[in-house]
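Note sheet for the following structure.
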Amino acid sequence: MLVLLVVLVALVAAGCGTELPQNSLNPAGPEARKIDGLFWLVFWIAAAIFILVEGALIFTSLRFRRRRNDAREVEQVHGNIRLEMIWTMIPVVILAAIAVPTVSTIFDLRRAPDPGENALVVNVIGHQWWWEFEYPEYGFETANEMHIPVGRTVYLNITSADVIHSFWVPQLNGKRDAVPSRLNHLTITADEPGLYLGQCAEFCGLSHADMRHRVYADSEADFAVWVADQQKPAEIPTAGAAAAGWETFQILCTACHNSDGTGTPVSRQIVATEAGEEFTFDAALAPNLTHFGSRTTFAGSTLEQTVEHLRTWLANPSDLKPMRPDQNDIAAGRILGMPNFELTDEQIEELIALLEGWQ
Ligand SMILES: [Cu+2]
């Protein structure tokens with residue numbers, strides 16, 4: 001009993017935190033607000049019913065309880081058509097009433113933006129265990145950290161390169177599954193500049209819990225600067241440690257990773273179908289590293305991008321994130337993690353100089 005109480009209090013207290021970056025009851029855009037509005041509508045209807053039903057229950061059990069010295073047998077009732085009709089019809093009416101705003105919200109959230117809305121399209125491809133974000137309008141792609149301009153509708157094309165994942169940023173909208181060979185959509189809009197956290201919401205294997213993502217909502221101007229930076233090719237260093245890192249990179253890393261403008265890109269085509277129509281996407285094998293240094297996190301957005309973390313990562317990636325590189329089949333485009341390359345300390349420092357330089 002005490003244990004139960006402690007658990008209950010802990011659970012309730014956990015809901016009272018103020019720093020709740022993944023709280024869907026703290027909506028930050030019109031789509032999330034629709035879900036939030038629907039939630040509270042249903043919540044208050046349910047709360048009113050709860051109070052009425054529990055009130056009636058408590059009232060009748062006190063008012064009509066068996067009293068001392070009262071030996072009368074209670075009236076034995078078998079069926080009451082009228083009463084049963086009433087208590088069947090009331091829930092039917094309530095549920096039917098709740099269905100109206102629920103279904104209309106579902107359809108509303110499913111609606112593709114009008115051409116006039118000038119939505120920004122971002123292709124979202126789920127991988128075991130990271131996200132690829134491609135910006136077809138601007139011709140570049142990034143990993144795990146998406147930037148969007150504040151106030152502009154963003155229309156996501158969502159699919160997967162391997163198993164089913166689910167894209168979810170609770171403050172911006174509900175979940176949408178990333179299903180291999182199928183194309184799904186989600187619309188997100190952020191009211192205010194800021195960082196909105198998300199994570200894969202469909203169990204996708206070993207490192208599902210380490211498959212997170214971030215949405216940075218930037219002002220118009222900041223977004224334009226970010227786009228211009230991301231469009232630049234990777235700079236090839238010509239001197240110092242970074243140049244040595246570049247030599248190693250070309251030998252060991254380019255089988256999976258792209259650094260735009262520096263050689264033949266690696267990717268594979270995946271086809272996603274929507275309503276019988278086929279759409280082709282270029283799926284990467286591993287995160288694009290062209291502007292790796294400009295990201296704040298890595299490894300499915302689970303690690304702050306610090307030199308210390310990068311050192312450990314390059315020494316043995318699976319120490320920081322459970323992966324199965326032993327099951328990789330590059331030719332088939334099946335990658336389940338970054339292998340350990342047994343790099344020397346010197347090679348690691350040189351690669352870090354290269355990667356940190358790729359702003
Ligand atoms: Cu996943």
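We name chains A, B, ... following the order of the structure tokens; residues begin at 1 in each chain, and ligands are numbered from 1 as shown.
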Using only C-alpha atoms and all ligand atoms, tabulate the residues of chain A lying at most 10 Å from any atom of ligand 1, each with its closest atom pair and that distance in Å to one decimal, by chain and increasing residue number, as a Markdown table.
| residue | atom | partner | partner_atom_place_in_ligand_line | distance |
| --- | --- | --- | --- | --- |
| A:Gly126 | CA | ligand 1 | 1 (Cu) | 6.4 |
| A:His127 | CA | ligand 1 | 1 (Cu) | 6.7 |
| A:Gln128 | CA | ligand 1 | 1 (Cu) | 6.0 |
| A:Trp129 | CA | ligand 1 | 1 (Cu) | 5.7 |
| A:Trp130 | CA | ligand 1 | 1 (Cu) | 7.1 |
| A:Trp131 | CA | ligand 1 | 1 (Cu) | 8.2 |
| A:Ser160 | CA | ligand 1 | 1 (Cu) | 9.0 |
| A:Asp162 | CA | ligand 1 | 1 (Cu) | 9.4 |
| A:Val163 | CA | ligand 1 | 1 (Cu) | 7.7 |
| A:Ile164 | CA | ligand 1 | 1 (Cu) | 6.8 |
| A:His165 | CA | ligand 1 | 1 (Cu) | 4.0 |
| A:Ser166 | CA | ligand 1 | 1 (Cu) | 6.2 |
| A:Phe167 | CA | ligand 1 | 1 (Cu) | 8.1 |
| A:Asp177 | CA | ligand 1 | 1 (Cu) | 9.4 |
| A:Ala178 | CA | ligand 1 | 1 (Cu) | 8.4 |
| A:Gln199 | CA | ligand 1 | 1 (Cu) | 8.0 |
| A:Cys200 | CA | ligand 1 | 1 (Cu) | 4.7 |
| A:Ala201 | CA | ligand 1 | 1 (Cu) | 6.8 |
| A:Glu202 | CA | ligand 1 | 1 (Cu) | 5.9 |
| A:Phe203 | CA | ligand 1 | 1 (Cu) | 6.1 |
| A:Cys204 | CA | ligand 1 | 1 (Cu) | 4.6 |
| A:Gly205 | CA | ligand 1 | 1 (Cu) | 7.4 |
| A:Leu206 | CA | ligand 1 | 1 (Cu) | 9.5 |
| A:Ser207 | CA | ligand 1 | 1 (Cu) | 7.9 |
| A:His208 | CA | ligand 1 | 1 (Cu) | 5.1 |
| A:Ala209 | CA | ligand 1 | 1 (Cu) | 8.0 |
| A:Asp210 | CA | ligand 1 | 1 (Cu) | 8.5 |
| A:Met211 | CA | ligand 1 | 1 (Cu) | 5.8 |
| A:Arg212 | CA | ligand 1 | 1 (Cu) | 8.3 |
| A:Gly300 | CA | ligand 1 | 1 (Cu) | 9.6 |
Generate a file of the selected residues that holds N, CA and C atoms, formatted as a PDB file, in the first residue's frame.
ATOM      1  N   GLY A 126      13.729   8.154 -41.934  1.00  0.00           N
ATOM      2  CA  GLY A 126      14.158   7.496 -40.704  1.00  0.00           C
ATOM      3  C   GLY A 126      15.173   6.406 -41.011  1.00  0.00           C
ATOM      4  N   HIS A 127      16.206   6.327 -40.193  1.00  0.00           N
ATOM      5  CA  HIS A 127      17.221   5.279 -40.303  1.00  0.00           C
ATOM      6  C   HIS A 127      17.421   4.673 -38.925  1.00  0.00           C
ATOM      7  N   GLN A 128      17.842   3.420 -38.872  1.00  0.00           N
ATOM      8  CA  GLN A 128      18.273   2.861 -37.599  1.00  0.00           C
ATOM      9  C   GLN A 128      19.643   3.453 -37.275  1.00  0.00           C
ATOM     10  N   TRP A 129      19.850   4.426 -36.421  1.00  0.00           N
ATOM     11  CA  TRP A 129      19.003   5.050 -35.471  1.00  0.00           C
ATOM     12  C   TRP A 129      19.272   6.531 -35.493  1.00  0.00           C
ATOM     13  N   TRP A 130      18.920   7.143 -36.624  1.00  0.00           N
ATOM     14  CA  TRP A 130      19.118   8.579 -36.780  1.00  0.00           C
ATOM     15  C   TRP A 130      18.172   9.066 -37.876  1.00  0.00           C
ATOM     16  N   TRP A 131      18.032  10.397 -37.979  1.00  0.00           N
ATOM     17  CA  TRP A 131      17.111  10.988 -38.954  1.00  0.00           C
ATOM     18  C   TRP A 131      17.860  11.757 -40.031  1.00  0.00           C
ATOM     19  N   SER A 160      10.906   5.842 -44.534  1.00  0.00           N
ATOM     20  CA  SER A 160      11.984   5.185 -43.806  1.00  0.00           C
ATOM     21  C   SER A 160      12.865   4.397 -44.755  1.00  0.00           C
ATOM     22  N   ASP A 162      14.590   1.750 -43.571  1.00  0.00           N
ATOM     23  CA  ASP A 162      14.694   0.367 -43.076  1.00  0.00           C
ATOM     24  C   ASP A 162      13.413  -0.108 -42.398  1.00  0.00           C
ATOM     25  N   VAL A 163      13.263   0.147 -41.117  1.00  0.00           N
ATOM     26  CA  VAL A 163      12.078  -0.344 -40.394  1.00  0.00           C
ATOM     27  C   VAL A 163      11.146   0.829 -40.091  1.00  0.00           C
ATOM     28  N   ILE A 164      10.052   0.566 -39.416  1.00  0.00           N
ATOM     29  CA  ILE A 164       9.114   1.644 -39.095  1.00  0.00           C
ATOM     30  C   ILE A 164       9.645   2.487 -37.932  1.00  0.00           C
ATOM     31  N   HIS A 165       9.689   3.802 -38.152  1.00  0.00           N
ATOM     32  CA  HIS A 165      10.027   4.753 -37.099  1.00  0.00           C
ATOM     33  C   HIS A 165       8.828   5.687 -36.955  1.00  0.00           C
ATOM     34  N   SER A 166       8.911   6.627 -36.057  1.00  0.00           N
ATOM     35  CA  SER A 166       7.840   7.601 -35.955  1.00  0.00           C
ATOM     36  C   SER A 166       8.414   8.960 -35.574  1.00  0.00           C
ATOM     37  N   PHE A 167       8.095   9.950 -36.392  1.00  0.00           N
ATOM     38  CA  PHE A 167       8.593  11.309 -36.166  1.00  0.00           C
ATOM     39  C   PHE A 167       7.663  12.014 -35.197  1.00  0.00           C
ATOM     40  N   ASP A 177       4.096   8.067 -38.396  1.00  0.00           N
ATOM     41  CA  ASP A 177       4.976   6.939 -38.661  1.00  0.00           C
ATOM     42  C   ASP A 177       5.799   7.145 -39.929  1.00  0.00           C
ATOM     43  N   ALA A 178       7.050   6.725 -39.856  1.00  0.00           N
ATOM     44  CA  ALA A 178       7.929   6.673 -41.036  1.00  0.00           C
ATOM     45  C   ALA A 178       7.978   5.210 -41.439  1.00  0.00           C
ATOM     46  N   GLN A 199      11.610  12.784 -30.483  1.00  0.00           N
ATOM     47  CA  GLN A 199      12.289  11.490 -30.510  1.00  0.00           C
ATOM     48  C   GLN A 199      11.465  10.486 -31.278  1.00  0.00           C
ATOM     49  N   CYS A 200      12.151   9.475 -31.778  1.00  0.00           N
ATOM     50  CA  CYS A 200      11.464   8.430 -32.521  1.00  0.00           C
ATOM     51  C   CYS A 200      10.440   7.787 -31.591  1.00  0.00           C
ATOM     52  N   ALA A 201       9.209   7.651 -32.080  1.00  0.00           N
ATOM     53  CA  ALA A 201       8.131   7.186 -31.214  1.00  0.00           C
ATOM     54  C   ALA A 201       7.593   5.819 -31.645  1.00  0.00           C
ATOM     55  N   GLU A 202       8.403   5.080 -32.378  1.00  0.00           N
ATOM     56  CA  GLU A 202       7.979   3.732 -32.755  1.00  0.00           C
ATOM     57  C   GLU A 202       9.177   2.825 -32.565  1.00  0.00           C
ATOM     58  N   PHE A 203       9.039   1.801 -31.748  1.00  0.00           N
ATOM     59  CA  PHE A 203      10.182   0.960 -31.425  1.00  0.00           C
ATOM     60  C   PHE A 203      10.852   0.450 -32.703  1.00  0.00           C
ATOM     61  N   CYS A 204      12.150   0.741 -32.840  1.00  0.00           N
ATOM     62  CA  CYS A 204      12.819   0.431 -34.100  1.00  0.00           C
ATOM     63  C   CYS A 204      14.103  -0.347 -33.866  1.00  0.00           C
ATOM     64  N   GLY A 205      14.184  -1.044 -32.748  1.00  0.00           N
ATOM     65  CA  GLY A 205      15.351  -1.892 -32.517  1.00  0.00           C
ATOM     66  C   GLY A 205      16.264  -1.363 -31.437  1.00  0.00           C
ATOM     67  N   LEU A 206      17.453  -1.915 -31.445  1.00  0.00           N
ATOM     68  CA  LEU A 206      18.447  -1.721 -30.386  1.00  0.00           C
ATOM     69  C   LEU A 206      18.541  -0.309 -29.825  1.00  0.00           C
ATOM     70  N   SER A 207      18.757   0.686 -30.682  1.00  0.00           N
ATOM     71  CA  SER A 207      19.009   2.040 -30.174  1.00  0.00           C
ATOM     72  C   SER A 207      17.814   2.973 -30.355  1.00  0.00           C
ATOM     73  N   HIS A 208      16.639   2.411 -30.334  1.00  0.00           N
ATOM     74  CA  HIS A 208      15.427   3.222 -30.486  1.00  0.00           C
ATOM     75  C   HIS A 208      15.416   4.413 -29.517  1.00  0.00           C
ATOM     76  N   ALA A 209      15.844   4.143 -28.264  1.00  0.00           N
ATOM     77  CA  ALA A 209      15.820   5.211 -27.248  1.00  0.00           C
ATOM     78  C   ALA A 209      16.849   6.294 -27.552  1.00  0.00           C
ATOM     79  N   ASP A 210      17.825   5.979 -28.405  1.00  0.00           N
ATOM     80  CA  ASP A 210      18.867   6.959 -28.741  1.00  0.00           C
ATOM     81  C   ASP A 210      18.614   7.585 -30.102  1.00  0.00           C
ATOM     82  N   MET A 211      17.384   7.527 -30.551  1.00  0.00           N
ATOM     83  CA  MET A 211      17.054   8.097 -31.847  1.00  0.00           C
ATOM     84  C   MET A 211      16.190   9.322 -31.617  1.00  0.00           C
ATOM     85  N   ARG A 212      16.872  10.454 -31.388  1.00  0.00           N
ATOM     86  CA  ARG A 212      16.132  11.683 -31.084  1.00  0.00           C
ATOM     87  C   ARG A 212      16.313  12.676 -32.221  1.00  0.00           C
ATOM     88  N   GLY A 300      22.247  10.584 -33.317  1.00  0.00           N
ATOM     89  CA  GLY A 300      20.812  10.576 -33.049  1.00  0.00           C
ATOM     90  C   GLY A 300      20.454  11.655 -32.042  1.00  0.00           C
TER      91      GLY A 300
END
Just list as a PyMOL selection string whatever in region 136-357 of chain A DSSP marks as strand (DSSP E or B). chain A and resi 140-143+145-149+154-160+165-167+176-178+180+182+184-188+194-199+212-218+268-274+277-283+297-298+303-304+329+334
Just to be explicit: take each residue in the selection above, keep C-alpha atoms, and write the result as a compact mmCIF listing (two decimals), in the first residue's frame.
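Just written: result07.txt:
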# COMPACT_ATOMS: atom_id res chain seq x y z
CA PHE A 140 21.14 20.16 -49.20
CA GLU A 141 20.55 17.74 -46.37
CA THR A 142 21.41 17.40 -42.73
CA ALA A 143 20.97 14.91 -39.90
CA GLU A 145 18.76 18.67 -36.35
CA MET A 146 16.16 20.38 -38.50
CA HIS A 147 15.94 24.14 -38.85
CA ILE A 148 12.67 25.79 -39.82
CA PRO A 149 11.71 29.45 -40.23
CA VAL A 154 6.56 23.22 -42.92
CA TYR A 155 5.31 20.19 -44.81
CA LEU A 156 7.17 16.98 -44.10
CA ASN A 157 7.43 14.03 -46.50
CA ILE A 158 8.12 11.14 -44.17
CA THR A 159 9.42 7.69 -45.04
CA SER A 160 11.98 5.19 -43.81
CA HIS A 165 10.03 4.75 -37.10
CA SER A 166 7.84 7.60 -35.95
CA PHE A 167 8.59 11.31 -36.17
CA ARG A 176 3.59 10.34 -37.76
CA ASP A 177 4.98 6.94 -38.66
CA ALA A 178 7.93 6.67 -41.04
CA PRO A 180 9.46 1.92 -45.45
CA ARG A 182 5.26 4.43 -47.92
CA ASN A 184 3.37 9.94 -45.01
CA HIS A 185 3.06 13.61 -44.19
CA LEU A 186 3.01 15.93 -41.26
CA THR A 187 2.64 19.68 -41.07
CA ILE A 188 4.48 21.63 -38.40
CA GLY A 194 13.36 28.21 -30.11
CA LEU A 195 14.43 24.63 -29.76
CA TYR A 196 11.81 21.90 -29.90
CA LEU A 197 12.85 18.39 -28.94
CA GLY A 198 11.56 15.16 -30.37
CA GLN A 199 12.29 11.49 -30.51
CA ARG A 212 16.13 11.68 -31.08
CA HIS A 213 15.77 14.81 -33.14
CA ARG A 214 15.66 18.55 -32.75
CA VAL A 215 13.75 21.27 -34.50
CA TYR A 216 15.32 24.72 -34.31
CA ALA A 217 12.82 27.41 -35.21
CA ASP A 218 14.78 30.42 -36.46
CA ARG A 268 20.74 4.65 -52.51
CA GLN A 269 17.36 5.23 -54.02
CA ILE A 270 14.32 4.31 -52.03
CA VAL A 271 10.81 4.37 -53.39
CA ALA A 272 7.85 5.46 -51.29
CA THR A 273 4.28 5.07 -52.46
CA GLU A 274 1.36 7.31 -51.68
CA GLU A 277 1.90 7.07 -56.87
CA GLU A 278 5.62 6.39 -56.51
CA PHE A 279 8.12 8.91 -55.17
CA THR A 280 11.87 8.36 -55.19
CA PHE A 281 14.19 9.59 -52.47
CA ASP A 282 17.96 9.55 -52.23
CA ALA A 283 18.58 7.92 -48.88
CA THR A 297 24.54 17.29 -31.03
CA PHE A 298 25.29 14.03 -32.80
CA LEU A 303 25.28 13.56 -27.38
CA GLU A 304 26.36 17.17 -27.06
CA ASP A 329 26.17 -4.63 -45.67
CA ARG A 334 22.02 -1.87 -44.96
Just the residues within 10 Å of region 80-96 of chain A, please, counting only C-alpha atoms, with nothing from its chain fewer than 2 positions along; format it as a PyMOL selection string. chain A and resi 42+45-46+49+77-78+98-102
Residues from the last selection, N, CA and C atoms, saved as a JSON list (two decimals), in the first residue's frame:
[["chain", "number", "residue", "atom", "x", "y", "z"],
["A", 42, "VAL", "N", -12.08, 17.23, -24.29],
["A", 42, "VAL", "CA", -12.44, 15.88, -23.87],
["A", 42, "VAL", "C", -12.17, 15.72, -22.37],
["A", 45, "ILE", "N", -14.99, 17.35, -20.32],
["A", 45, "ILE", "CA", -16.22, 16.56, -20.41],
["A", 45, "ILE", "C", -16.05, 15.32, -19.51],
["A", 46, "ALA", "N", -14.89, 14.67, -19.62],
["A", 46, "ALA", "CA", -14.65, 13.47, -18.81],
["A", 46, "ALA", "C", -14.64, 13.82, -17.33],
["A", 49, "ILE", "N", -18.18, 14.28, -16.09],
["A", 49, "ILE", "CA", -18.85, 12.98, -15.94],
["A", 49, "ILE", "C", -18.31, 12.25, -14.71],
["A", 77, "VAL", "N", -34.66, -6.34, -8.01],
["A", 77, "VAL", "CA", -35.09, -5.84, -9.32],
["A", 77, "VAL", "C", -34.46, -6.71, -10.42],
["A", 78, "HIS", "N", -35.25, -7.08, -11.41],
["A", 78, "HIS", "CA", -34.69, -7.81, -12.55],
["A", 78, "HIS", "C", -34.99, -7.05, -13.83],
["A", 98, "ILE", "N", -18.39, 13.84, -28.86],
["A", 98, "ILE", "CA", -16.93, 13.99, -28.82],
["A", 98, "ILE", "C", -16.31, 13.62, -30.17],
["A", 99, "ALA", "N", -16.97, 12.69, -30.88],
["A", 99, "ALA", "CA", -16.43, 12.25, -32.17],
["A", 99, "ALA", "C", -16.40, 13.39, -33.18],
["A", 100, "VAL", "N", -17.34, 14.33, -33.07],
["A", 100, "VAL", "CA", -17.41, 15.40, -34.07],
["A", 100, "VAL", "C", -16.12, 16.23, -34.08],
["A", 101, "PRO", "N", -15.73, 16.84, -32.94],
["A", 101, "PRO", "CA", -14.47, 17.60, -32.99],
["A", 101, "PRO", "C", -13.24, 16.70, -33.20],
["A", 102, "THR", "N", -13.31, 15.45, -32.72],
["A", 102, "THR", "CA", -12.15, 14.56, -32.88],
["A", 102, "THR", "C", -11.89, 14.28, -34.35]]
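Coordinates place CA of Pro233 (chain A) at a distance of 19.4 Å from CA of Ile251 (chain A).
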In region 55-189 of chain A, what's alpha helix (DSSP H) per DSSP? Answer as a VMD selection string? chain A and resid 55 to 63 81 to 110
Now that the selection is made, can you save its residues with N, CA and C atoms as an mmCIF file, in the first residue's frame?
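And here's part-v1.cif as it stands now:
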data_model
loop_
_atom_site.group_PDB
_atom_site.id
_atom_site.type_symbol
_atom_site.label_atom_id
_atom_site.label_comp_id
_atom_site.auth_asym_id
_atom_site.auth_seq_id
_atom_site.Cartn_x
_atom_site.Cartn_y
_atom_site.Cartn_z
ATOM 1 N N GLY A 55 -19.945 11.296 -7.625
ATOM 2 C CA GLY A 55 -20.796 11.982 -6.653
ATOM 3 C C GLY A 55 -22.038 11.164 -6.376
ATOM 4 N N ALA A 56 -22.687 10.693 -7.441
ATOM 5 C CA ALA A 56 -23.911 9.906 -7.296
ATOM 6 C C ALA A 56 -23.610 8.611 -6.551
ATOM 7 N N LEU A 57 -22.462 8.022 -6.867
ATOM 8 C CA LEU A 57 -22.078 6.760 -6.230
ATOM 9 C C LEU A 57 -21.890 6.950 -4.726
ATOM 10 N N ILE A 58 -21.139 7.993 -4.379
ATOM 11 C CA ILE A 58 -20.864 8.238 -2.954
ATOM 12 C C ILE A 58 -22.162 8.603 -2.229
ATOM 13 N N PHE A 59 -22.963 9.465 -2.873
ATOM 14 C CA PHE A 59 -24.214 9.894 -2.272
ATOM 15 C C PHE A 59 -25.123 8.692 -1.991
ATOM 16 N N THR A 60 -25.337 7.849 -3.003
ATOM 17 C CA THR A 60 -26.273 6.737 -2.808
ATOM 18 C C THR A 60 -25.730 5.721 -1.804
ATOM 19 N N SER A 61 -24.420 5.502 -1.823
ATOM 20 C CA SER A 61 -23.938 4.486 -0.888
ATOM 21 C C SER A 61 -23.987 4.985 0.551
ATOM 22 N N LEU A 62 -23.961 6.300 0.746
ATOM 23 C CA LEU A 62 -24.114 6.815 2.116
ATOM 24 C C LEU A 62 -25.586 6.894 2.489
ATOM 25 N N ARG A 63 -26.358 7.450 1.574
ATOM 26 C CA ARG A 63 -27.784 7.713 1.841
ATOM 27 C C ARG A 63 -28.554 6.403 2.026
ATOM 28 N N ILE A 81 -36.067 -1.803 -18.498
ATOM 29 C CA ILE A 81 -35.796 -1.402 -19.883
ATOM 30 C C ILE A 81 -35.543 0.099 -19.987
ATOM 31 N N ARG A 82 -36.420 0.883 -19.328
ATOM 32 C CA ARG A 82 -36.298 2.320 -19.499
ATOM 33 C C ARG A 82 -34.946 2.815 -18.953
ATOM 34 N N LEU A 83 -34.592 2.339 -17.747
ATOM 35 C CA LEU A 83 -33.328 2.748 -17.140
ATOM 36 C C LEU A 83 -32.142 2.326 -18.012
ATOM 37 N N GLU A 84 -32.219 1.093 -18.512
ATOM 38 C CA GLU A 84 -31.102 0.599 -19.324
ATOM 39 C C GLU A 84 -30.973 1.384 -20.628
ATOM 40 N N MET A 85 -32.117 1.743 -21.210
ATOM 41 C CA MET A 85 -32.081 2.567 -22.417
ATOM 42 C C MET A 85 -31.397 3.901 -22.104
ATOM 43 N N ILE A 86 -31.769 4.485 -20.974
ATOM 44 C CA ILE A 86 -31.212 5.807 -20.635
ATOM 45 C C ILE A 86 -29.699 5.708 -20.443
ATOM 46 N N TRP A 87 -29.262 4.703 -19.652
ATOM 47 C CA TRP A 87 -27.820 4.692 -19.411
ATOM 48 C C TRP A 87 -27.018 4.115 -20.578
ATOM 49 N N THR A 88 -27.684 3.635 -21.592
ATOM 50 C CA THR A 88 -26.975 3.306 -22.831
ATOM 51 C C THR A 88 -26.926 4.529 -23.738
ATOM 52 N N MET A 89 -28.054 5.228 -23.793
ATOM 53 C CA MET A 89 -28.134 6.355 -24.724
ATOM 54 C C MET A 89 -27.236 7.527 -24.291
ATOM 55 N N ILE A 90 -27.141 7.767 -22.988
ATOM 56 C CA ILE A 90 -26.337 8.926 -22.545
ATOM 57 C C ILE A 90 -24.889 8.789 -23.036
ATOM 58 N N PRO A 91 -24.208 7.642 -22.775
ATOM 59 C CA PRO A 91 -22.835 7.524 -23.306
ATOM 60 C C PRO A 91 -22.786 7.587 -24.831
ATOM 61 N N VAL A 92 -23.783 7.018 -25.501
ATOM 62 C CA VAL A 92 -23.787 7.062 -26.976
ATOM 63 C C VAL A 92 -23.790 8.517 -27.441
ATOM 64 N N VAL A 93 -24.652 9.308 -26.818
ATOM 65 C CA VAL A 93 -24.746 10.715 -27.221
ATOM 66 C C VAL A 93 -23.432 11.443 -26.910
ATOM 67 N N ILE A 94 -22.877 11.166 -25.715
ATOM 68 C CA ILE A 94 -21.628 11.853 -25.339
ATOM 69 C C ILE A 94 -20.508 11.477 -26.312
ATOM 70 N N LEU A 95 -20.362 10.173 -26.597
ATOM 71 C CA LEU A 95 -19.284 9.744 -27.494
ATOM 72 C C LEU A 95 -19.482 10.285 -28.898
ATOM 73 N N ALA A 96 -20.747 10.307 -29.349
ATOM 74 C CA ALA A 96 -21.012 10.846 -30.684
ATOM 75 C C ALA A 96 -20.653 12.325 -30.724
ATOM 76 N N ALA A 97 -20.947 13.027 -29.631
ATOM 77 C CA ALA A 97 -20.644 14.461 -29.592
ATOM 78 C C ALA A 97 -19.134 14.682 -29.605
ATOM 79 N N ILE A 98 -18.389 13.840 -28.856
ATOM 80 C CA ILE A 98 -16.933 13.992 -28.819
ATOM 81 C C ILE A 98 -16.315 13.621 -30.173
ATOM 82 N N ALA A 99 -16.970 12.685 -30.875
ATOM 83 C CA ALA A 99 -16.425 12.246 -32.173
ATOM 84 C C ALA A 99 -16.398 13.390 -33.182
ATOM 85 N N VAL A 100 -17.344 14.326 -33.072
ATOM 86 C CA VAL A 100 -17.411 15.396 -34.069
ATOM 87 C C VAL A 100 -16.118 16.227 -34.080
ATOM 88 N N PRO A 101 -15.733 16.843 -32.944
ATOM 89 C CA PRO A 101 -14.469 17.601 -32.989
ATOM 90 C C PRO A 101 -13.240 16.697 -33.198
ATOM 91 N N THR A 102 -13.309 15.449 -32.716
ATOM 92 C CA THR A 102 -12.148 14.558 -32.877
ATOM 93 C C THR A 102 -11.890 14.276 -34.348
ATOM 94 N N VAL A 103 -12.934 13.825 -35.048
ATOM 95 C CA VAL A 103 -12.761 13.479 -36.461
ATOM 96 C C VAL A 103 -12.404 14.718 -37.266
ATOM 97 N N SER A 104 -13.027 15.843 -36.935
ATOM 98 C CA SER A 104 -12.730 17.037 -37.735
ATOM 99 C C SER A 104 -11.294 17.497 -37.482
ATOM 100 N N THR A 105 -10.790 17.321 -36.252
ATOM 101 C CA THR A 105 -9.382 17.679 -35.985
ATOM 102 C C THR A 105 -8.442 16.750 -36.745
ATOM 103 N N ILE A 106 -8.769 15.452 -36.777
ATOM 104 C CA ILE A 106 -7.930 14.495 -37.502
ATOM 105 C C ILE A 106 -7.828 14.903 -38.973
ATOM 106 N N PHE A 107 -8.977 15.211 -39.586
ATOM 107 C CA PHE A 107 -8.965 15.593 -40.998
ATOM 108 C C PHE A 107 -8.236 16.914 -41.201
ATOM 109 N N ASP A 108 -8.452 17.825 -40.278
ATOM 110 C CA ASP A 108 -7.821 19.129 -40.356
ATOM 111 C C ASP A 108 -6.293 18.971 -40.334
ATOM 112 N N LEU A 109 -5.794 18.110 -39.442
ATOM 113 C CA LEU A 109 -4.344 17.922 -39.322
ATOM 114 C C LEU A 109 -3.779 17.136 -40.506
ATOM 115 N N ARG A 110 -4.624 16.397 -41.202
ATOM 116 C CA ARG A 110 -4.189 15.598 -42.361
ATOM 117 C C ARG A 110 -4.079 16.424 -43.632
#
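The space between CA of Leu5 (chain A) and CA of Leu41 (chain A) spans 29.3 Å.
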Can you tell me, as a compact mmCIF listing (two decimals) with N, CA and C atoms, in the first residue's frame, what residues are no more than 10 Å from Asn173 (chain A) when counting only C-alpha atoms, ignoring any on the same chain fewer than 6 positions away?
# COMPACT_ATOMS: atom_id res chain seq x y z
N SER A 24 3.34 17.65 -24.67
CA SER A 24 2.39 17.99 -25.73
C SER A 24 1.29 18.91 -25.21
N PRO A 27 1.80 23.46 -26.20
CA PRO A 27 1.91 23.57 -27.66
C PRO A 27 2.62 24.85 -28.08
N ALA A 28 3.38 24.75 -29.19
CA ALA A 28 4.15 25.90 -29.65
C ALA A 28 3.81 26.28 -31.08
N GLY A 29 2.71 25.72 -31.60
CA GLY A 29 2.31 26.05 -32.96
C GLY A 29 0.86 25.68 -33.18
N PRO A 30 0.27 26.15 -34.29
CA PRO A 30 -1.16 25.94 -34.52
C PRO A 30 -1.56 24.47 -34.56
N GLU A 31 -0.74 23.59 -35.14
CA GLU A 31 -1.13 22.17 -35.23
C GLU A 31 -1.19 21.57 -33.83
N ALA A 32 -0.15 21.82 -33.04
CA ALA A 32 -0.12 21.26 -31.69
C ALA A 32 -1.24 21.86 -30.85
N ARG A 33 -1.59 23.12 -31.13
CA ARG A 33 -2.65 23.76 -30.36
C ARG A 33 -4.00 23.10 -30.62
N LYS A 34 -4.20 22.64 -31.87
CA LYS A 34 -5.47 21.96 -32.18
C LYS A 34 -5.59 20.69 -31.35
N ILE A 35 -4.49 19.94 -31.25
CA ILE A 35 -4.51 18.71 -30.48
C ILE A 35 -4.75 19.04 -29.00
N ASP A 36 -4.06 20.07 -28.54
CA ASP A 36 -4.18 20.49 -27.14
C ASP A 36 -5.62 20.91 -26.82
N LEU A 109 -5.79 18.11 -39.44
CA LEU A 109 -4.34 17.92 -39.32
C LEU A 109 -3.78 17.14 -40.51
N PHE A 167 8.09 9.95 -36.39
CA PHE A 167 8.59 11.31 -36.17
C PHE A 167 7.66 12.01 -35.20
N LEU A 186 3.34 15.23 -42.49
CA LEU A 186 3.01 15.93 -41.26
C LEU A 186 3.29 17.41 -41.50
N THR A 187 2.43 18.24 -40.94
CA THR A 187 2.64 19.68 -41.07
C THR A 187 3.04 20.22 -39.70
N ILE A 188 4.11 20.99 -39.66
CA ILE A 188 4.48 21.63 -38.40
C ILE A 188 4.72 23.12 -38.63
N THR A 189 4.39 23.90 -37.62
CA THR A 189 4.63 25.34 -37.68
C THR A 189 5.01 25.78 -36.28
N ALA A 190 6.04 26.57 -36.16
CA ALA A 190 6.45 27.08 -34.84
C ALA A 190 6.12 28.57 -34.76
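Checking A:Glu350, A:Glu137, A:Asp319, A:Glu132 one by one against Leu289 (chain A), counting only C-alpha atoms, you find the shortest gap at A:Glu132.
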Just checking: using only C-alpha atoms, which residue out of A:Ala241, A:Gln250, A:Asp326, A:Val53 ends up closest to Thr264 (chain A)? A:Gln250
